[in-house]
Amino acid sequence: TRRFPVFAIVITSFLIHYNMIIKRKVRIYLGKITTWVAHISMRLNGVNYGNKVVVRGYIHIQNAGEIFIGDNVVINSSRWANPMSCASGTNLQIIEGGVLEIGDKSGLSNASITCYEKITIGKNVLIGAGTQIFDTDFHPIISKYRFGDEKNNDVVSKKAVVIEDGVFIGSRAIILKGSHIGKNSIIGAGAVVSGYIPPNQIWAGVPAKYVGTTE
């Protein structure tokens, strides 16, 4: 009678471990299939991408401009690829005249990027689950252009975004138009960034403020 609970624990542990192995293998095969499908989708949408680009899940692409993706980039675009985000996938929206560049060995998970002008993401950049990056205000700031007889979406403010090499952006951060994040800096989860952040610094909060250094 004393051995039975121990035996049950051993069997349960084995089944849990075996189940994890099966799920891991399924995710690997799913990743290969979705990468193959994504490469077709990227070619159809005019995306210029490098070698060994991995896409786990279905990536949503609306490209009326230009998209350049470097070598060895990993894009998670599903909950099974990265369950941390409530978002269902990665969305790339490039408006006419916009340019998106993603450097070698960078990775992003279930991120949303909208580009009207230019968004540059360097090499070895990590973009956490649910991050949003925009180079536009989407709507006019001046109320008379936002609604009414003088409504005019052509006066929407736009400014390029630069994320330098080695930056790590935490989950659900928001990077607003005109932001420039310096090399190797870290952005805390949920932070809202607007403006210039020097290299090798840690910024967090709403709005994002300096909280430390990476060195």
# chains A, B, ... in the order shown; residues from 1 in each chain; ligands from 1

call {"tool": "residues_around", "arguments": {"residues": "region 56-64 of chain A", "least_positions_apart": "3", "cutoff": "10 Å", "atoms": "only C-alpha atoms", "output": "number ranges by chain"}}
result
A: 27-39, 41-42, 44-47, 67, 74-82, 88-100, 109-116

call {"tool": "select_by_dssp", "arguments": {"residues": "region 2-186 of chain A", "states": "strand (DSSP E or B)", "output": "ChimeraX atom specification"}}
result
/A:47-49,54-57,60-63,66-69,74-77,91-94,99-102,107-109,112-115,118-121,126-127,132-134,136,158,161-163,168-169,174-175,180-181,186

call {"tool": "select_by_dssp", "arguments": {"residues": "chain A", "states": "alpha helix (DSSP H)", "output": "ChimeraX atom specification"}}
result
/A:3-44,143-146

call {"tool": "write_last_selection", "arguments": {"atoms": "C-alpha atoms", "output": "short mmCIF file (atom, residue, chain, number, x, y, z; two decimals), in the first residue's frame"}}
result
data_model
loop_
_atom_site.label_atom_id
_atom_site.label_comp_id
_atom_site.auth_asym_id
_atom_site.auth_seq_id
_atom_site.Cartn_x
_atom_site.Cartn_y
_atom_site.Cartn_z
CA ARG A 3 4.45 1.64 -2.74
CA PHE A 4 1.34 2.50 -4.73
CA PRO A 5 1.48 6.29 -4.29
CA VAL A 6 5.17 6.29 -5.22
CA PHE A 7 4.43 4.16 -8.27
CA ALA A 8 1.56 6.47 -9.26
CA ILE A 9 3.80 9.53 -8.92
CA VAL A 10 6.50 7.90 -11.08
CA ILE A 11 3.97 6.96 -13.80
CA THR A 12 2.36 10.41 -13.71
CA SER A 13 5.74 12.13 -13.98
CA PHE A 14 6.68 9.92 -16.92
CA LEU A 15 3.41 10.68 -18.74
CA ILE A 16 3.80 14.42 -18.18
CA HIS A 17 7.38 14.32 -19.46
CA TYR A 18 6.38 12.18 -22.47
CA ASN A 19 3.48 14.54 -23.23
CA MET A 20 5.88 17.52 -23.18
CA ILE A 21 8.20 15.73 -25.61
CA ILE A 22 5.30 15.07 -27.99
CA LYS A 23 4.13 18.69 -27.81
CA ARG A 24 7.68 19.91 -28.43
CA LYS A 25 7.99 17.73 -31.52
CA VAL A 26 4.58 18.87 -32.77
CA ARG A 27 5.64 22.51 -32.38
CA ILE A 28 8.85 21.81 -34.31
CA TYR A 29 6.92 20.26 -37.22
CA LEU A 30 4.31 23.02 -37.11
CA GLY A 31 7.10 25.59 -37.25
CA LYS A 32 8.53 23.99 -40.38
CA ILE A 33 5.14 23.93 -42.09
CA THR A 34 4.19 27.50 -41.14
CA THR A 35 7.64 28.76 -42.18
CA TRP A 36 7.16 27.22 -45.62
CA VAL A 37 3.70 28.80 -45.92
CA ALA A 38 5.02 32.16 -44.67
CA HIS A 39 7.79 32.20 -47.28
CA ILE A 40 5.15 31.83 -49.98
CA SER A 41 3.05 34.58 -48.40
CA MET A 42 6.06 36.89 -48.13
CA ARG A 43 6.97 36.39 -51.78
CA LEU A 44 3.36 37.07 -52.82
CA SER A 143 -9.48 68.39 -33.78
CA LYS A 144 -10.83 70.33 -36.77
CA TYR A 145 -8.93 67.98 -39.09
CA ARG A 146 -10.01 64.88 -37.18
#

call {"tool": "residues_around", "arguments": {"residues": "Val73 (chain A)", "least_positions_apart": "3", "cutoff": "6 Å", "atoms": "only C-alpha atoms", "output": "list in words"}}
result
Val53, Asp104, Lys105, Ser106 and Gly107 of chain A

call {"tool": "closest_residue", "arguments": {"among": "A:Gly178, A:Gly148, A:Gly65, A:Pro83", "to": "Gly128 (chain A)", "atoms": "only C-alpha atoms"}}
result
A:Pro83

call {"tool": "residues_around", "arguments": {"residues": "Glu101 (chain A)", "least_positions_apart": "6", "cutoff": "10 Å", "atoms": "only C-alpha atoms", "output": "MDAnalysis selection string"}}
result
chainID A and resid 48:49 66:70 118:122 162

call {"tool": "write_last_selection", "arguments": {"atoms": "C-alpha atoms", "output": "PDB file, in the first residue's frame"}}
result
ATOM      1  CA  ASN A  48      12.508  40.797 -49.425  1.00  0.00           C
ATOM      2  CA  TYR A  49      13.779  38.251 -46.907  1.00  0.00           C
ATOM      3  CA  GLU A  66       8.813  47.846 -48.901  1.00  0.00           C
ATOM      4  CA  ILE A  67       9.783  45.191 -46.352  1.00  0.00           C
ATOM      5  CA  PHE A  68      13.330  43.918 -45.864  1.00  0.00           C
ATOM      6  CA  ILE A  69      13.953  41.025 -43.456  1.00  0.00           C
ATOM      7  CA  GLY A  70      17.534  39.873 -42.795  1.00  0.00           C
ATOM      8  CA  LYS A 118      10.231  54.202 -42.107  1.00  0.00           C
ATOM      9  CA  ILE A 119      10.840  51.778 -39.260  1.00  0.00           C
ATOM     10  CA  THR A 120      14.355  50.403 -38.861  1.00  0.00           C
ATOM     11  CA  ILE A 121      14.989  47.449 -36.546  1.00  0.00           C
ATOM     12  CA  GLY A 122      18.658  46.538 -36.178  1.00  0.00           C
ATOM     13  CA  VAL A 162      14.882  53.562 -35.218  1.00  0.00           C
TER      14      VAL A 162
END

call {"tool": "residues_around", "arguments": {"residues": "Ala173 (chain A)", "least_positions_apart": "2", "cutoff": "7 Å", "atoms": "only C-alpha atoms", "output": "VMD selection string"}}
result
chain A and resid 131 to 132 169 to 171 175 189 to 192

call {"tool": "closest_residue", "arguments": {"among": "A:Val156, A:Val54, A:Ile197, A:Ile187", "to": "Asp137 (chain A)", "atoms": "only C-alpha atoms"}}
result
A:Val156
